[in-house]
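Asker: Sharing a structure with you now.
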Amino acid sequence: MRVGAFILAAQFPGQGQGEALHRAVRSAVVAEEAGLDAVWLAEHHFVPYGVCPNAVTLAALLLGRTRRIGVGTAVSVLPTQHPVALGESAALLHLTSEGRFTLGVGRGGPWVDLEVFGSGLAAYDHGFPESLDLLLRWLREPRVGAQGERYAFREVAVVPRPDQALTDPDEPGTGPPGPPVVVACTSPSSVRMAAARGLPMLLGMHCGDEEKAEMIALWRAAAREAGREPEEIAAAEHVSAGVVQIADAREAATETLMKAMPGWLRQGLGAHVTVDGRYRSMRDPLAYTELLCELHPVGPPQWCADRLAATSERTGITRFALLVEGSGDLAATEENVRRLGSEVLPQLV
């Protein structure tokens with residue numbers, strides 16, 4: 001089982017943006033020290049829910065600060081970025097980190113971001129498949145051109161090519177062929193889109209085990225229908241996002257999150273503005289925090305290990321990205337990460 005930290009650079013009430021970013025960087029460094037598999041970085045614009053506006057940029061910093069741990073984006077929002085620019089950045093990080101980078105992409109929301117970056121609502125409503133396919137071609141082919149609805153350009157060389165990694169200096173091309181790509185999926189249509197391309201899913205922390213199991217079953221069925229090979233389907237490493245808070249008693253862990261997360265959720269999620277003025281209902285912060293505490297490993301180390309094992313058994317998922325900063329406090333977050341590594345991971349096979 002591969003357990004990583006999910007880092008949003010969340011700005012809790014009363015905190016500065018620099019404080020949130022410092023906690024994010026420290027969380028990643030401590031995650032490597034604690035033996036975690038990876039850190040996953042969220043990306044948001046114009047809201048205190050998360051103050052990292054470019055997950056790839058933060059990933060570059062963290063790859064330079066660490067030596068072993070994997071670093072992934074969860075996710076880079078594709079409708080607000082040019083797929084070629086994102087592909088170039090992903091290739092660069094893949095090559096210079098010797099294969100430690102994973103590119104997670106998602107559709108995002110109908111937020112004002114689309115207006116600010118000039119991509120428009122169409123990029124969100126129906127442009128994601130075109131952008132995703134162009135990105136995948138850039139990561140897999142030596143030359144790429146485009147004649148799509150949104151992107152049209154003459155064929156150009158892919159530089160740097162992500163398949164040029166050197167694991168052995170005496171044997172060029174022996175490194176990983178390119179950065180792994182995962183897709184955030186929240187609907188049947190996005191599940192089918194990822195499955196048709198053989199891309200693993202990143203499943204949200206608002207989903208329980210039953211819903212995640214259903215989405216994986218749909219992914220497998222859609223992948224078979226699309227003609228993906230059985231070995232590829234069986235080997236797909238989906239990622240489950242969640243929350244973790246470790247304490248000696250379940251009540252203490254729950255209390256820590258119930259005191260901090262509702263204020264952050266209310267402030268952060270409430271700051272979203274839609275690009276076209278459409279109404280978007282917000283989850284009740286208290287109820288949502290209670291749900292997250294119920295769904296995920298929040299409690300003593302043994303309970304957390306059992307909860308992760310149960311999720312894995314019910315869904316088949318063996319990779320986890322767990323939000324570690326739910327307390328909103330730097331020292332508490334670092335302790336949470338260290339306990340995850342020293343007291344929970346050894347109990348997972």
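For the structure tokens, the naming scheme is as follows: chains receive sequential letters (A, B, ...) according to their order of presentation, residues are indexed from 1 within each chain, and ligands are indexed from 1 in presentation order.
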Where in segment 238-336 of chain A does DSSP assign helix (DSSP H, G or I), given as a CSV table (one decimal) with C-alpha atoms, in the first residue's frame?
Answerer:
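Writing done, so here's selection31.csv:
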```
chain,number,residue,atom,x,y,z
A,250,ARG,CA,-10.8,9.0,18.1
A,251,GLU,CA,-12.7,11.7,19.9
A,252,ALA,CA,-9.5,13.8,20.2
A,253,ALA,CA,-8.7,13.4,16.5
A,254,THR,CA,-12.3,14.3,15.5
A,255,GLU,CA,-12.3,17.3,17.8
A,256,THR,CA,-9.1,18.7,16.3
A,257,LEU,CA,-10.7,18.7,12.8
A,258,MET,CA,-14.1,19.9,14.0
A,259,LYS,CA,-12.5,22.9,15.6
A,260,ALA,CA,-10.4,24.0,12.6
A,261,MET,CA,-11.9,22.7,9.3
A,262,PRO,CA,-15.4,24.2,9.3
A,263,GLY,CA,-14.0,27.8,9.5
A,264,TRP,CA,-11.5,27.1,6.7
A,265,LEU,CA,-14.2,25.4,4.5
A,266,ARG,CA,-16.7,28.2,5.1
A,267,GLN,CA,-14.1,30.9,4.2
A,268,GLY,CA,-12.4,29.0,1.4
A,269,LEU,CA,-15.3,27.4,-0.5
A,285,PRO,CA,-19.0,23.2,6.6
A,286,LEU,CA,-19.9,21.4,9.8
A,287,ALA,CA,-21.7,18.5,8.2
A,288,TYR,CA,-19.0,18.1,5.6
A,289,THR,CA,-16.3,18.0,8.3
A,290,GLU,CA,-18.3,15.4,10.2
A,291,LEU,CA,-18.6,13.4,6.9
A,292,LEU,CA,-14.9,13.5,6.3
A,293,CYS,CA,-14.2,12.3,9.9
A,294,GLU,CA,-16.6,9.4,9.3
A,295,LEU,CA,-15.2,8.3,6.0
A,301,PRO,CA,-3.0,4.7,14.7
A,302,GLN,CA,-4.5,1.2,14.8
A,303,TRP,CA,-7.9,2.6,13.8
A,304,CYS,CA,-6.4,4.6,11.0
A,305,ALA,CA,-4.6,1.6,9.7
A,306,ASP,CA,-7.7,-0.5,9.8
A,307,ARG,CA,-9.7,2.1,8.0
A,308,LEU,CA,-7.2,2.3,5.2
A,309,ALA,CA,-7.1,-1.4,4.9
A,310,ALA,CA,-10.8,-1.6,4.8
A,311,THR,CA,-11.0,1.0,2.0
A,312,SER,CA,-8.4,-0.9,0.1
A,313,GLU,CA,-10.3,-4.2,0.5
A,314,ARG,CA,-13.6,-2.7,-0.5
A,315,THR,CA,-12.3,-0.8,-3.5
A,330,LEU,CA,2.2,23.8,11.6
A,331,ALA,CA,3.4,21.9,14.6
A,332,ALA,CA,0.3,19.7,14.7
A,333,THR,CA,0.5,19.0,11.0
A,334,GLU,CA,4.2,18.0,11.3
A,335,GLU,CA,3.3,15.7,14.2
A,336,ASN,CA,0.4,14.2,12.2
```
Asker: Can I get the residues of segment 184-251 of chain A within 12 Å of segment 23-41 of chain A, each with the closest pair of atoms and their distance in Å to one decimal, using only C-alpha atoms, sorted chain first then ascending number, as a tab-separated table?
Answerer:
```
residue	atom	partner	partner_atom	distance
A:Leu202	CA	A:Trp40	CA	10.7
A:Val239	CA	A:Trp40	CA	10.4
A:Ser240	CA	A:Trp40	CA	11.3
A:Ala241	CA	A:Trp40	CA	9.4
A:Gly242	CA	A:Trp40	CA	11.5
```
Asker: Neighbours of segment 87-100 of chain A within 10 Å (only C-alpha atoms; same-chain residues fewer than 5 positions away dropped), as a PyMOL selection string?
Answerer: chain A and resi 38+56-57+59-60+63-64+66-72+82+134-140+158-167+175-181
Asker: Can you tell me how far atom CA of Pro297 of chain A sits from atom CA of Leu322 of chain A, in Å to one decimal?
Answerer: 8.8 Å
Asker: For a quick check of understanding, using only C-alpha atoms, which of A:Gly328, A:Gly341, A:Gly50, A:Pro110 has the smallest distance to Pro13 of chain A?
Answerer: A:Gly328
Asker: Can you work out the spacing between atom CA of Cys207 of chain A and atom CA of Cys185 of chain A in Å, to one decimal?
Answerer: 10.9 Å
Asker: Could you name the residues that touch segment 214-222 of chain A at 8 Å or less, counting only C-alpha atoms, but leaving out those on the same chain fewer than 5 positions away, as an mmCIF file with N, CA and C atoms, in the first residue's frame?
Answerer:
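File written: result.cif
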```cif
data_model
loop_
_atom_site.group_PDB
_atom_site.id
_atom_site.type_symbol
_atom_site.label_atom_id
_atom_site.label_comp_id
_atom_site.auth_asym_id
_atom_site.auth_seq_id
_atom_site.Cartn_x
_atom_site.Cartn_y
_atom_site.Cartn_z
ATOM 1 N N PRO A 188 -19.759 9.979 -13.996
ATOM 2 C CA PRO A 188 -19.624 8.847 -14.919
ATOM 3 C C PRO A 188 -18.962 9.222 -16.239
ATOM 4 N N VAL A 191 -15.262 9.411 -15.692
ATOM 5 C CA VAL A 191 -14.736 8.051 -15.500
ATOM 6 C C VAL A 191 -14.557 7.370 -16.851
ATOM 7 N N ARG A 192 -15.560 7.460 -17.713
ATOM 8 C CA ARG A 192 -15.466 6.824 -19.038
ATOM 9 C C ARG A 192 -14.364 7.453 -19.882
ATOM 10 N N ALA A 194 -11.550 8.858 -18.812
ATOM 11 C CA ALA A 194 -10.264 8.370 -18.330
ATOM 12 C C ALA A 194 -10.042 6.918 -18.726
ATOM 13 N N ALA A 195 -11.081 6.112 -18.619
ATOM 14 C CA ALA A 195 -10.962 4.688 -18.934
ATOM 15 C C ALA A 195 -10.627 4.463 -20.397
ATOM 16 N N ALA A 196 -11.248 5.225 -21.279
ATOM 17 C CA ALA A 196 -10.991 5.052 -22.710
ATOM 18 C C ALA A 196 -9.540 5.309 -23.057
ATOM 19 N N ILE A 233 -5.691 -2.864 -17.614
ATOM 20 C CA ILE A 233 -6.823 -2.588 -16.723
ATOM 21 C C ILE A 233 -6.502 -3.047 -15.300
ATOM 22 N N THR A 315 -12.445 -1.478 -2.245
ATOM 23 C CA THR A 315 -12.345 -0.797 -3.537
ATOM 24 C C THR A 315 -11.254 -1.340 -4.447
#
```
Asker: Which residue, A:Gly127, A:Gly14, A:Gly120, A:Pro300, has the smallest gap to Asp329 of chain A when you use only C-alpha atoms?
Answerer: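 The answer is A:Gly14, which sits nearest to Asp329 of chain A.
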